[in-house]
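This report concerns only the one structure given below.
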Amino acid sequence: MKISKSNRSQFKDHQITDESVFNDRRSLLKQLGFIGASGLIANQAQASLLDIFKDDKPQAKPAGTELRPLKFKASTLSREGLTPEKKVTTYNNFYEFGTQKSDPAQNAYQLSIDPWQVKVGGLCNNAFELGFEDLFTRYPLEERIYNFRCVETWSMVVPWIGFPLASLLKEADPTSKAKYVAFETLYRPEEMIGQKSRFAGGGIQYPYVEGLRLDEAMHPLTILAVGLYDKSLPNQNGAPIRLVVPWKYGFKCIKSIVSIKLTDKEPPTTWNISAPQEYGFYANVNPQVDHPRWSQAQERRLTTGGLLAQRYIKTAMFNGYAEQVASLYKGMDLAKYY
Ligand SMILES: Nc1nc2c(c(=O)[nH]1)N[C@H]1C(S)=C(S)[C@@H](COP(=O)(O)O)O[C@H]1N2
Ligand SMILES: [Mo]
């Protein structure tokens, strides 16, 4: 997310070096207006074009992340078009383990997730705690196949396993004063190099914090995920429990949660603290409201595992979930409340 205009465009991450694909990619970049229609590329431009193909190689599954099969009710949606598991688990944003997409898969094995404790409290009648085992057994698990759209413009389709956040909040029984829900990630610098070193952690504030309005949190599409692709979450994807709000940009989906608190005030959120002009509290996916440094009109969908492992598609309002969630924002100026 710390992308400077000059040399780190959102199209930096490609896994392809094959020349035929390179040509394909060139025509795509041309369509997008990245290179001149003449097809002539100046040396410097060519160098930076080559640069955008170089990283993003899949990493080997790290030792130390023990995944377990989960019992869940399978989704009835088609599994066609899912982003491959390997991509989902090796191309990550989790700044606690470094700022490069490949860093979390390499470093997150250092996080110990069992035992784990999630505190649920604040403005509610029934504060409680969940231990590691509770995360997988307290509420019935179901699979949810969701579009996942990062504010940086890449996107995936992920088969999550989890339970509605509403199930947990109903158990907490919010008081009438509760208007928001505040979330917090684990703070454990001994195991998280990004928390230990400001440089490794990209200079953001830790612990990572996020928040939702109570009605957003209670919405049936909002889940707490404990798994993906039939198994418990790999550490790099936010083990043992993370938030998934499919109509919002990915940074709302806070990972490795230890605290869920009902509040009466809008909670501070990490990326909003870091760059308030760029990242708002709402962060609803909206192709009409551009990021100050790039357009949000389209996205790079990471698809099959082949050479052409991505394609550019139009970004949909509320990430394709407008029918279900647009009513939450009736009458709100979405350019102001971005
Ligand atoms: N604690 C924490 N949660 C986080 C982040 C992070 O850096 N730290 N990154 C966010 C961002 S920007 C995105 S896009 C998603 C990425 O989730 P994924 O790696 O499972 O695809 O996690 C979000 N949750
Ligand atoms: Mo993101």
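Chain lettering (A, B, ...) mirrors the order of the structure tokens, residue numbering begins at 1 for each chain separately, and ligand numbering begins at 1 in order of display.
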- Task: Using only C-alpha atoms, determine which residues lie at most 6 Å from Ile223 (chain A), disregarding the query and same-chain residues fewer than 6 positions distant; provide the list as a ChimeraX atom specification.
- Result: /A:163-165,244
Give me the residues within 12 Å of Phe251 (chain A) as an mmCIF file with all heavy atoms, in the first residue's frame, counting only C-alpha atoms and dropping any in the same chain fewer than 5 places off.
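File written: part19.cif
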data_model
loop_
_atom_site.group_PDB
_atom_site.id
_atom_site.type_symbol
_atom_site.label_atom_id
_atom_site.label_comp_id
_atom_site.auth_asym_id
_atom_site.auth_seq_id
_atom_site.Cartn_x
_atom_site.Cartn_y
_atom_site.Cartn_z
ATOM 1 N N MET A 1 0.816 -1.209 0.000
ATOM 2 C CA MET A 1 0.000 0.000 0.000
ATOM 3 C C MET A 1 0.852 1.263 0.000
ATOM 4 O O MET A 1 0.370 2.317 -0.352
ATOM 5 C CB MET A 1 -0.937 -0.008 1.179
ATOM 6 C CG MET A 1 -2.307 0.220 0.718
ATOM 7 S SD MET A 1 -3.713 -0.394 1.559
ATOM 8 C CE MET A 1 -3.274 -1.580 2.675
ATOM 9 N N ASN A 92 0.249 -12.408 -0.210
ATOM 10 C CA ASN A 92 -0.487 -11.896 0.958
ATOM 11 C C ASN A 92 -0.070 -10.492 1.364
ATOM 12 O O ASN A 92 1.040 -10.064 1.099
ATOM 13 C CB ASN A 92 -0.247 -12.815 2.165
ATOM 14 C CG ASN A 92 -0.694 -14.241 1.925
ATOM 15 O OD1 ASN A 92 0.119 -15.109 1.628
ATOM 16 N ND2 ASN A 92 -1.982 -14.481 2.024
ATOM 17 N N ASN A 93 -0.988 -9.834 2.038
ATOM 18 C CA ASN A 93 -0.674 -8.624 2.795
ATOM 19 C C ASN A 93 -0.850 -8.932 4.262
ATOM 20 O O ASN A 93 -1.959 -9.277 4.704
ATOM 21 C CB ASN A 93 -1.615 -7.467 2.410
ATOM 22 C CG ASN A 93 -1.114 -6.672 1.227
ATOM 23 O OD1 ASN A 93 0.084 -6.636 0.953
ATOM 24 N ND2 ASN A 93 -2.025 -6.023 0.518
ATOM 25 N N PHE A 94 0.230 -8.858 4.996
ATOM 26 C CA PHE A 94 0.194 -9.090 6.451
ATOM 27 C C PHE A 94 1.491 -8.445 6.947
ATOM 28 O O PHE A 94 2.515 -9.109 7.100
ATOM 29 C CB PHE A 94 0.134 -10.593 6.748
ATOM 30 C CG PHE A 94 -0.339 -10.971 8.133
ATOM 31 C CD1 PHE A 94 -0.657 -12.304 8.425
ATOM 32 C CD2 PHE A 94 -0.487 -10.030 9.150
ATOM 33 C CE1 PHE A 94 -1.112 -12.681 9.686
ATOM 34 C CE2 PHE A 94 -0.946 -10.402 10.414
ATOM 35 C CZ PHE A 94 -1.253 -11.736 10.683
ATOM 36 N N TYR A 95 1.396 -7.128 7.146
ATOM 37 C CA TYR A 95 2.609 -6.336 7.375
ATOM 38 C C TYR A 95 3.350 -6.732 8.650
ATOM 39 O O TYR A 95 4.528 -6.450 8.787
ATOM 40 C CB TYR A 95 2.257 -4.842 7.408
ATOM 41 C CG TYR A 95 2.201 -4.191 6.041
ATOM 42 C CD1 TYR A 95 1.924 -4.928 4.894
ATOM 43 C CD2 TYR A 95 2.431 -2.819 5.896
ATOM 44 C CE1 TYR A 95 1.867 -4.324 3.645
ATOM 45 C CE2 TYR A 95 2.386 -2.207 4.647
ATOM 46 C CZ TYR A 95 2.102 -2.958 3.527
ATOM 47 O OH TYR A 95 2.067 -2.353 2.295
ATOM 48 N N PHE A 148 -12.703 -11.153 -3.363
ATOM 49 C CA PHE A 148 -11.857 -10.449 -2.388
ATOM 50 C C PHE A 148 -11.056 -9.400 -3.154
ATOM 51 O O PHE A 148 -10.278 -9.727 -4.035
ATOM 52 C CB PHE A 148 -10.931 -11.466 -1.705
ATOM 53 C CG PHE A 148 -10.109 -10.869 -0.601
ATOM 54 C CD1 PHE A 148 -10.631 -10.733 0.678
ATOM 55 C CD2 PHE A 148 -8.806 -10.448 -0.838
ATOM 56 C CE1 PHE A 148 -9.875 -10.177 1.696
ATOM 57 C CE2 PHE A 148 -8.047 -9.893 0.175
ATOM 58 C CZ PHE A 148 -8.573 -9.758 1.440
ATOM 59 N N ARG A 149 -11.245 -8.125 -2.821
ATOM 60 C CA ARG A 149 -10.661 -7.037 -3.610
ATOM 61 C C ARG A 149 -9.787 -6.167 -2.718
ATOM 62 O O ARG A 149 -10.255 -5.513 -1.789
ATOM 63 C CB ARG A 149 -11.807 -6.219 -4.215
ATOM 64 C CG ARG A 149 -11.488 -4.879 -4.876
ATOM 65 C CD ARG A 149 -10.608 -5.010 -6.093
ATOM 66 N NE ARG A 149 -10.759 -3.887 -7.034
ATOM 67 C CZ ARG A 149 -10.165 -2.705 -6.919
ATOM 68 N NH1 ARG A 149 -9.379 -2.442 -5.890
ATOM 69 N NH2 ARG A 149 -10.368 -1.772 -7.845
ATOM 70 N N CYS A 150 -8.487 -6.157 -3.009
ATOM 71 C CA CYS A 150 -7.574 -5.284 -2.255
ATOM 72 C C CYS A 150 -7.628 -3.879 -2.846
ATOM 73 O O CYS A 150 -7.821 -3.703 -4.045
ATOM 74 C CB CYS A 150 -6.147 -5.824 -2.316
ATOM 75 S SG CYS A 150 -4.919 -4.721 -1.563
ATOM 76 N N VAL A 151 -7.438 -2.899 -2.008
ATOM 77 C CA VAL A 151 -7.430 -1.501 -2.432
ATOM 78 C C VAL A 151 -6.299 -1.228 -3.438
ATOM 79 O O VAL A 151 -6.362 -0.275 -4.211
ATOM 80 C CB VAL A 151 -7.335 -0.583 -1.186
ATOM 81 C CG1 VAL A 151 -5.925 -0.588 -0.590
ATOM 82 C CG2 VAL A 151 -7.781 0.844 -1.473
ATOM 83 N N GLU A 152 -5.300 -2.111 -3.451
ATOM 84 C CA GLU A 152 -4.178 -1.968 -4.403
ATOM 85 C C GLU A 152 -4.554 -2.398 -5.819
ATOM 86 O O GLU A 152 -3.723 -2.339 -6.714
ATOM 87 C CB GLU A 152 -2.985 -2.816 -3.943
ATOM 88 C CG GLU A 152 -2.373 -2.375 -2.635
ATOM 89 C CD GLU A 152 -1.490 -3.458 -2.009
ATOM 90 O OE1 GLU A 152 -1.642 -4.647 -2.359
ATOM 91 O OE2 GLU A 152 -0.653 -3.113 -1.170
ATOM 92 N N THR A 153 -5.753 -2.917 -6.006
ATOM 93 C CA THR A 153 -6.387 -3.309 -7.282
ATOM 94 C C THR A 153 -6.208 -4.773 -7.709
ATOM 95 O O THR A 153 -6.675 -5.148 -8.780
ATOM 96 C CB THR A 153 -6.040 -2.403 -8.512
ATOM 97 O OG1 THR A 153 -4.740 -2.726 -8.970
ATOM 98 C CG2 THR A 153 -6.161 -0.926 -8.192
ATOM 99 N N TYR A 208 -2.411 -3.806 14.754
ATOM 100 C CA TYR A 208 -3.333 -3.465 13.668
ATOM 101 C C TYR A 208 -4.749 -3.439 14.257
ATOM 102 O O TYR A 208 -5.129 -4.339 15.009
ATOM 103 C CB TYR A 208 -3.227 -4.553 12.611
ATOM 104 C CG TYR A 208 -3.808 -4.261 11.233
ATOM 105 C CD1 TYR A 208 -2.990 -3.882 10.177
ATOM 106 C CD2 TYR A 208 -5.173 -4.427 10.968
ATOM 107 C CE1 TYR A 208 -3.505 -3.672 8.898
ATOM 108 C CE2 TYR A 208 -5.690 -4.207 9.691
ATOM 109 C CZ TYR A 208 -4.846 -3.837 8.662
ATOM 110 O OH TYR A 208 -5.360 -3.621 7.407
ATOM 111 N N VAL A 209 -5.490 -2.387 13.952
ATOM 112 C CA VAL A 209 -6.863 -2.272 14.459
ATOM 113 C C VAL A 209 -7.829 -1.993 13.314
ATOM 114 O O VAL A 209 -7.457 -1.375 12.313
ATOM 115 C CB VAL A 209 -6.986 -1.156 15.532
ATOM 116 C CG1 VAL A 209 -6.299 -1.553 16.824
ATOM 117 C CG2 VAL A 209 -6.439 0.171 15.012
ATOM 118 N N GLU A 210 -9.054 -2.438 13.458
ATOM 119 C CA GLU A 210 -10.082 -2.194 12.444
ATOM 120 C C GLU A 210 -11.423 -2.014 13.130
ATOM 121 O O GLU A 210 -11.543 -2.200 14.359
ATOM 122 C CB GLU A 210 -10.145 -3.349 11.438
ATOM 123 C CG GLU A 210 -9.469 -3.028 10.099
ATOM 124 C CD GLU A 210 -10.020 -1.762 9.441
ATOM 125 O OE1 GLU A 210 -11.176 -1.402 9.706
ATOM 126 O OE2 GLU A 210 -9.298 -1.129 8.660
ATOM 127 N N GLY A 211 -12.419 -1.641 12.339
ATOM 128 C CA GLY A 211 -13.734 -1.435 12.919
ATOM 129 C C GLY A 211 -14.833 -1.490 11.886
ATOM 130 O O GLY A 211 -14.596 -1.313 10.688
ATOM 131 N N ARG A 242 -9.802 -14.545 11.390
ATOM 132 C CA ARG A 242 -9.735 -13.228 10.754
ATOM 133 C C ARG A 242 -11.110 -12.827 10.235
ATOM 134 O O ARG A 242 -11.997 -13.655 10.073
ATOM 135 C CB ARG A 242 -8.682 -13.212 9.649
ATOM 136 C CG ARG A 242 -8.870 -14.195 8.497
ATOM 137 C CD ARG A 242 -9.640 -13.667 7.304
ATOM 138 N NE ARG A 242 -9.126 -12.499 6.650
ATOM 139 C CZ ARG A 242 -8.197 -12.512 5.683
ATOM 140 N NH1 ARG A 242 -7.670 -13.634 5.275
ATOM 141 N NH2 ARG A 242 -7.847 -11.395 5.103
ATOM 142 N N LEU A 243 -11.238 -11.526 9.987
ATOM 143 C CA LEU A 243 -12.500 -10.976 9.511
ATOM 144 C C LEU A 243 -12.547 -11.034 7.977
ATOM 145 O O LEU A 243 -11.510 -10.852 7.322
ATOM 146 C CB LEU A 243 -12.594 -9.518 9.982
ATOM 147 C CG LEU A 243 -13.873 -8.745 9.690
ATOM 148 C CD1 LEU A 243 -15.062 -9.316 10.457
ATOM 149 C CD2 LEU A 243 -13.685 -7.259 10.062
ATOM 150 N N VAL A 244 -13.740 -11.286 7.415
ATOM 151 C CA VAL A 244 -13.929 -11.163 5.971
ATOM 152 C C VAL A 244 -15.228 -10.396 5.719
ATOM 153 O O VAL A 244 -16.309 -10.837 6.118
ATOM 154 C CB VAL A 244 -13.977 -12.536 5.262
ATOM 155 C CG1 VAL A 244 -14.193 -12.351 3.759
ATOM 156 C CG2 VAL A 244 -12.688 -13.329 5.501
ATOM 157 N N VAL A 245 -15.091 -9.236 5.093
ATOM 158 C CA VAL A 245 -16.235 -8.387 4.750
ATOM 159 C C VAL A 245 -16.167 -8.174 3.242
ATOM 160 O O VAL A 245 -15.445 -7.309 2.762
ATOM 161 C CB VAL A 245 -16.162 -7.019 5.470
ATOM 162 C CG1 VAL A 245 -17.495 -6.286 5.361
ATOM 163 C CG2 VAL A 245 -15.764 -7.182 6.925
ATOM 164 N N PRO A 246 -16.899 -8.991 2.459
ATOM 165 C CA PRO A 246 -16.596 -9.104 1.039
ATOM 166 C C PRO A 246 -16.872 -7.852 0.204
ATOM 167 O O PRO A 246 -16.345 -7.748 -0.894
ATOM 168 C CB PRO A 246 -17.485 -10.272 0.584
ATOM 169 C CG PRO A 246 -18.602 -10.316 1.570
ATOM 170 C CD PRO A 246 -17.991 -9.885 2.871
ATOM 171 N N THR A 269 -8.864 3.085 12.861
ATOM 172 C CA THR A 269 -8.481 1.955 12.004
ATOM 173 C C THR A 269 -7.081 2.210 11.436
ATOM 174 O O THR A 269 -6.739 3.356 11.112
ATOM 175 C CB THR A 269 -9.506 1.763 10.861
ATOM 176 O OG1 THR A 269 -9.577 2.949 10.079
ATOM 177 C CG2 THR A 269 -10.893 1.466 11.418
ATOM 178 N N THR A 270 -6.299 1.168 11.335
ATOM 179 C CA THR A 270 -4.860 1.286 11.064
ATOM 180 C C THR A 270 -4.520 2.102 9.822
ATOM 181 O O THR A 270 -3.719 3.036 9.882
ATOM 182 C CB THR A 270 -4.227 -0.119 10.956
ATOM 183 O OG1 THR A 270 -4.253 -0.701 12.261
ATOM 184 C CG2 THR A 270 -2.783 -0.049 10.461
ATOM 185 N N TRP A 271 -5.118 1.782 8.678
ATOM 186 C CA TRP A 271 -4.729 2.482 7.449
ATOM 187 C C TRP A 271 -5.278 3.903 7.417
ATOM 188 O O TRP A 271 -4.690 4.788 6.798
ATOM 189 C CB TRP A 271 -5.121 1.682 6.209
ATOM 190 C CG TRP A 271 -4.083 0.638 5.982
ATOM 191 C CD1 TRP A 271 -4.167 -0.685 6.297
ATOM 192 C CD2 TRP A 271 -2.758 0.854 5.477
ATOM 193 N NE1 TRP A 271 -2.968 -1.297 6.009
ATOM 194 C CE2 TRP A 271 -2.093 -0.400 5.499
ATOM 195 C CE3 TRP A 271 -2.061 1.976 4.994
ATOM 196 C CZ2 TRP A 271 -0.775 -0.556 5.071
ATOM 197 C CZ3 TRP A 271 -0.751 1.812 4.566
ATOM 198 C CH2 TRP A 271 -0.123 0.573 4.604
ATOM 199 N N ASN A 272 -6.383 4.132 8.098
ATOM 200 C CA ASN A 272 -6.893 5.489 8.213
ATOM 201 C C ASN A 272 -5.968 6.345 9.083
ATOM 202 O O ASN A 272 -5.709 7.515 8.764
ATOM 203 C CB ASN A 272 -8.310 5.470 8.777
ATOM 204 C CG ASN A 272 -8.906 6.858 8.882
ATOM 205 O OD1 ASN A 272 -9.070 7.394 9.975
ATOM 206 N ND2 ASN A 272 -9.203 7.466 7.750
ATOM 207 N N TYR A 279 -7.274 6.306 2.851
ATOM 208 C CA TYR A 279 -8.022 5.154 3.352
ATOM 209 C C TYR A 279 -9.010 5.587 4.414
ATOM 210 O O TYR A 279 -8.620 6.068 5.477
ATOM 211 C CB TYR A 279 -7.049 4.110 3.918
ATOM 212 C CG TYR A 279 -5.933 3.792 2.970
ATOM 213 C CD1 TYR A 279 -4.640 4.269 3.190
ATOM 214 C CD2 TYR A 279 -6.174 3.068 1.803
ATOM 215 C CE1 TYR A 279 -3.620 4.011 2.292
ATOM 216 C CE2 TYR A 279 -5.163 2.805 0.896
ATOM 217 C CZ TYR A 279 -3.885 3.282 1.160
ATOM 218 O OH TYR A 279 -2.888 3.031 0.256
ATOM 219 N N GLY A 280 -10.288 5.428 4.086
ATOM 220 C CA GLY A 280 -11.321 5.874 5.015
ATOM 221 C C GLY A 280 -11.747 4.779 5.968
ATOM 222 O O GLY A 280 -11.239 3.655 5.927
ATOM 223 N N PHE A 281 -12.709 5.101 6.817
ATOM 224 C CA PHE A 281 -13.269 4.110 7.742
ATOM 225 C C PHE A 281 -14.122 3.099 6.975
ATOM 226 O O PHE A 281 -14.089 1.908 7.244
ATOM 227 C CB PHE A 281 -14.114 4.794 8.816
ATOM 228 C CG PHE A 281 -14.851 3.815 9.707
ATOM 229 C CD1 PHE A 281 -14.186 3.166 10.734
ATOM 230 C CD2 PHE A 281 -16.199 3.544 9.503
ATOM 231 C CE1 PHE A 281 -14.856 2.246 11.546
ATOM 232 C CE2 PHE A 281 -16.885 2.629 10.314
ATOM 233 C CZ PHE A 281 -16.199 1.987 11.341
ATOM 234 N N TYR A 282 -14.894 3.583 5.987
ATOM 235 C CA TYR A 282 -15.839 2.690 5.323
ATOM 236 C C TYR A 282 -15.167 1.730 4.364
ATOM 237 O O TYR A 282 -15.410 0.530 4.390
ATOM 238 C CB TYR A 282 -16.953 3.503 4.647
ATOM 239 C CG TYR A 282 -17.942 3.975 5.682
ATOM 240 C CD1 TYR A 282 -17.803 5.212 6.315
ATOM 241 C CD2 TYR A 282 -18.975 3.147 6.083
ATOM 242 C CE1 TYR A 282 -18.684 5.610 7.307
ATOM 243 C CE2 TYR A 282 -19.868 3.530 7.073
ATOM 244 C CZ TYR A 282 -19.715 4.765 7.677
ATOM 245 O OH TYR A 282 -20.585 5.138 8.660
ATOM 246 N N ALA A 283 -14.319 2.277 3.464
ATOM 247 C CA ALA A 283 -13.568 1.435 2.525
ATOM 248 C C ALA A 283 -14.451 0.464 1.749
ATOM 249 O O ALA A 283 -14.075 -0.690 1.517
ATOM 250 C CB ALA A 283 -12.445 0.687 3.265
ATOM 251 N N ASN A 284 -15.640 0.922 1.367
ATOM 252 C CA ASN A 284 -16.480 0.091 0.512
ATOM 253 C C ASN A 284 -15.903 0.070 -0.894
ATOM 254 O O ASN A 284 -15.491 1.115 -1.412
ATOM 255 C CB ASN A 284 -17.900 0.648 0.465
ATOM 256 C CG ASN A 284 -18.618 0.523 1.791
ATOM 257 O OD1 ASN A 284 -18.528 -0.519 2.451
ATOM 258 N ND2 ASN A 284 -19.288 1.582 2.204
ATOM 259 N N VAL A 285 -15.859 -1.094 -1.520
ATOM 260 C CA VAL A 285 -15.362 -1.179 -2.891
ATOM 261 C C VAL A 285 -16.267 -0.334 -3.778
ATOM 262 O O VAL A 285 -17.489 -0.502 -3.767
ATOM 263 C CB VAL A 285 -15.331 -2.646 -3.374
ATOM 264 C CG1 VAL A 285 -14.949 -2.717 -4.848
ATOM 265 C CG2 VAL A 285 -14.376 -3.475 -2.518
#
Selection: 7 Å around region 185-193 of chain A, only C-alpha atoms, excl. self and same-chain fewer than 3 positions, as a compact mmCIF listing (two decimals) with C-alpha atoms, in the first residue's frame:
# COMPACT_ATOMS: atom_id res chain seq x y z
CA GLU A 96 3.34 -7.92 10.75
CA PHE A 97 5.46 -10.35 8.69
CA GLN A 110 6.95 -18.03 13.57
CA LEU A 111 3.51 -17.20 14.96
CA LYS A 196 9.64 -5.72 16.16
CA SER A 197 11.18 -3.60 13.40
CA ALA A 200 10.14 -4.52 8.34
CA TYR A 206 0.70 -1.88 15.79
CA PRO A 207 -1.37 -3.63 16.92
CA TYR A 208 -3.33 -3.46 13.67
CA VAL A 209 -6.86 -2.27 14.46
CA ILE A 254 -8.18 -7.78 9.95
CA LYS A 255 -6.15 -10.90 10.66
CA SER A 256 -5.21 -12.93 13.75
CA ILE A 257 -7.83 -11.26 15.95
CA VAL A 258 -7.51 -11.22 19.76
- Task: One decimal, Å: what's the distance from CA of Leu334 (chain A) over to atom 4 (C, counted along the ligand's line) of ligand 1, could you say?
- Result: 23.1 Å
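Within region 54-185 of chain A, the backbone-based DSSP assignment of alpha helix (DSSP H) covers Glu85, Lys86, Lys87, Val88, Asp103, Pro104, Ala105, Gln106, Asn107, Asp134, Leu135, Phe136, Thr137, Leu165, Ala166, Ser167, Leu168, Leu169, Lys170, Glu171 and Ala172 of chain A.
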Can I get the selected residues back with all heavy atoms, as a short mmCIF file (atom, residue, chain, number, x, y, z; two decimals), in the first residue's frame?
data_model
loop_
_atom_site.label_atom_id
_atom_site.label_comp_id
_atom_site.auth_asym_id
_atom_site.auth_seq_id
_atom_site.Cartn_x
_atom_site.Cartn_y
_atom_site.Cartn_z
N GLU A 85 -5.36 -22.25 -4.60
CA GLU A 85 -4.98 -22.23 -3.20
C GLU A 85 -3.56 -21.70 -3.01
O GLU A 85 -3.27 -20.90 -2.12
CB GLU A 85 -5.09 -23.65 -2.63
CG GLU A 85 -4.71 -23.73 -1.16
CD GLU A 85 -4.90 -25.14 -0.61
OE1 GLU A 85 -5.37 -26.04 -1.34
OE2 GLU A 85 -4.56 -25.34 0.57
N LYS A 86 -2.68 -22.14 -3.88
CA LYS A 86 -1.27 -21.75 -3.75
C LYS A 86 -1.10 -20.23 -3.84
O LYS A 86 -0.28 -19.63 -3.15
CB LYS A 86 -0.46 -22.45 -4.84
CG LYS A 86 1.00 -22.16 -4.75
CD LYS A 86 1.81 -23.39 -5.09
CE LYS A 86 3.23 -23.19 -4.62
NZ LYS A 86 4.10 -24.28 -5.05
N LYS A 87 -1.91 -19.64 -4.73
CA LYS A 87 -1.84 -18.19 -4.89
C LYS A 87 -2.39 -17.49 -3.63
O LYS A 87 -1.83 -16.53 -3.13
CB LYS A 87 -2.66 -17.78 -6.12
CG LYS A 87 -2.38 -16.40 -6.62
CD LYS A 87 -1.09 -16.39 -7.39
CE LYS A 87 -0.65 -14.96 -7.69
NZ LYS A 87 0.70 -14.94 -8.25
N VAL A 88 -3.53 -18.01 -3.16
CA VAL A 88 -4.18 -17.40 -1.99
C VAL A 88 -3.25 -17.43 -0.77
O VAL A 88 -3.29 -16.54 0.07
CB VAL A 88 -5.51 -18.15 -1.66
CG1 VAL A 88 -6.16 -17.60 -0.40
CG2 VAL A 88 -6.48 -18.04 -2.83
N ASP A 103 6.45 -12.17 1.69
CA ASP A 103 6.99 -12.20 3.07
C ASP A 103 6.13 -13.00 4.05
O ASP A 103 6.67 -13.80 4.83
CB ASP A 103 7.17 -10.77 3.62
CG ASP A 103 8.36 -10.05 3.00
OD1 ASP A 103 9.22 -10.73 2.41
OD2 ASP A 103 8.42 -8.81 3.10
N PRO A 104 4.80 -12.79 4.09
CA PRO A 104 4.01 -13.51 5.09
C PRO A 104 4.16 -15.03 4.98
O PRO A 104 4.34 -15.72 5.99
CB PRO A 104 2.57 -13.05 4.80
CG PRO A 104 2.75 -11.69 4.22
CD PRO A 104 3.98 -11.78 3.37
N ALA A 105 4.13 -15.56 3.74
CA ALA A 105 4.26 -17.02 3.59
C ALA A 105 5.61 -17.51 4.08
O ALA A 105 5.75 -18.65 4.52
CB ALA A 105 4.04 -17.42 2.13
N GLN A 106 6.61 -16.66 4.02
CA GLN A 106 7.94 -17.06 4.48
C GLN A 106 8.13 -16.90 5.98
O GLN A 106 8.87 -17.66 6.59
CB GLN A 106 9.00 -16.22 3.76
CG GLN A 106 9.28 -16.73 2.36
CD GLN A 106 10.26 -15.86 1.61
OE1 GLN A 106 10.49 -14.71 1.97
NE2 GLN A 106 10.83 -16.42 0.57
N ASN A 107 7.48 -15.91 6.55
CA ASN A 107 7.78 -15.56 7.96
C ASN A 107 6.71 -15.94 8.97
O ASN A 107 7.00 -16.02 10.16
CB ASN A 107 8.01 -14.05 8.07
CG ASN A 107 9.19 -13.59 7.23
OD1 ASN A 107 10.16 -14.33 7.08
ND2 ASN A 107 9.10 -12.39 6.68
N ASP A 134 -12.48 -23.42 20.67
CA ASP A 134 -13.81 -22.79 20.51
C ASP A 134 -14.00 -22.20 19.11
O ASP A 134 -15.11 -22.17 18.59
CB ASP A 134 -14.01 -21.65 21.51
CG ASP A 134 -13.94 -22.12 22.95
OD1 ASP A 134 -14.35 -23.27 23.21
OD2 ASP A 134 -13.49 -21.33 23.81
N LEU A 135 -12.91 -21.70 18.54
CA LEU A 135 -13.02 -21.02 17.25
C LEU A 135 -13.57 -21.95 16.17
O LEU A 135 -14.21 -21.51 15.23
CB LEU A 135 -11.64 -20.50 16.79
CG LEU A 135 -10.90 -19.60 17.79
CD1 LEU A 135 -9.54 -19.20 17.23
CD2 LEU A 135 -11.73 -18.34 18.11
N PHE A 136 -13.33 -23.26 16.35
CA PHE A 136 -13.74 -24.22 15.33
C PHE A 136 -15.00 -24.99 15.71
O PHE A 136 -15.53 -25.75 14.90
CB PHE A 136 -12.60 -25.22 15.08
CG PHE A 136 -11.30 -24.53 14.73
CD1 PHE A 136 -10.34 -24.30 15.70
CD2 PHE A 136 -11.07 -24.09 13.44
CE1 PHE A 136 -9.15 -23.65 15.39
CE2 PHE A 136 -9.88 -23.44 13.12
CZ PHE A 136 -8.91 -23.21 14.09
N THR A 137 -15.46 -24.83 16.95
CA THR A 137 -16.56 -25.68 17.42
C THR A 137 -17.77 -24.92 17.98
O THR A 137 -18.87 -25.46 18.04
CB THR A 137 -16.06 -26.64 18.53
OG1 THR A 137 -15.45 -25.84 19.56
CG2 THR A 137 -15.03 -27.62 17.99
N LEU A 165 -20.20 -13.28 11.78
CA LEU A 165 -19.83 -12.47 12.95
C LEU A 165 -21.07 -12.23 13.81
O LEU A 165 -20.99 -12.15 15.04
CB LEU A 165 -19.21 -11.14 12.48
CG LEU A 165 -18.91 -10.09 13.54
CD1 LEU A 165 -17.94 -10.61 14.60
CD2 LEU A 165 -18.36 -8.82 12.89
N ALA A 166 -22.24 -12.15 13.16
CA ALA A 166 -23.49 -11.91 13.88
C ALA A 166 -23.74 -12.99 14.95
O ALA A 166 -24.29 -12.69 16.01
CB ALA A 166 -24.67 -11.86 12.90
N SER A 167 -23.35 -14.24 14.67
CA SER A 167 -23.57 -15.31 15.65
C SER A 167 -22.85 -14.99 16.95
O SER A 167 -23.40 -15.15 18.05
CB SER A 167 -23.06 -16.66 15.12
OG SER A 167 -23.63 -16.95 13.88
N LEU A 168 -21.60 -14.55 16.81
CA LEU A 168 -20.81 -14.21 17.99
C LEU A 168 -21.36 -12.96 18.69
O LEU A 168 -21.47 -12.92 19.92
CB LEU A 168 -19.35 -14.01 17.55
CG LEU A 168 -18.31 -13.57 18.57
CD1 LEU A 168 -16.96 -14.18 18.22
CD2 LEU A 168 -18.18 -12.04 18.59
N LEU A 169 -21.76 -11.97 17.89
CA LEU A 169 -22.26 -10.72 18.50
C LEU A 169 -23.59 -10.95 19.22
O LEU A 169 -23.86 -10.34 20.25
CB LEU A 169 -22.40 -9.64 17.43
CG LEU A 169 -21.07 -9.13 16.84
CD1 LEU A 169 -21.32 -8.14 15.71
CD2 LEU A 169 -20.18 -8.52 17.92
N LYS A 170 -24.41 -11.83 18.67
CA LYS A 170 -25.69 -12.13 19.35
C LYS A 170 -25.42 -12.76 20.70
O LYS A 170 -26.11 -12.47 21.68
CB LYS A 170 -26.54 -13.06 18.48
CG LYS A 170 -27.32 -12.30 17.41
CD LYS A 170 -28.06 -13.26 16.48
CE LYS A 170 -28.45 -12.56 15.18
NZ LYS A 170 -28.62 -13.52 14.07
N GLU A 171 -24.42 -13.62 20.76
CA GLU A 171 -24.06 -14.23 22.05
C GLU A 171 -23.59 -13.15 23.03
O GLU A 171 -23.88 -13.20 24.23
CB GLU A 171 -22.98 -15.30 21.87
CG GLU A 171 -22.69 -16.00 23.18
CD GLU A 171 -21.75 -17.19 23.05
OE1 GLU A 171 -21.45 -17.62 21.92
OE2 GLU A 171 -21.32 -17.69 24.11
N ALA A 172 -22.87 -12.16 22.52
CA ALA A 172 -22.38 -11.07 23.39
C ALA A 172 -23.54 -10.19 23.87
O ALA A 172 -23.45 -9.56 24.91
CB ALA A 172 -21.35 -10.24 22.65
#
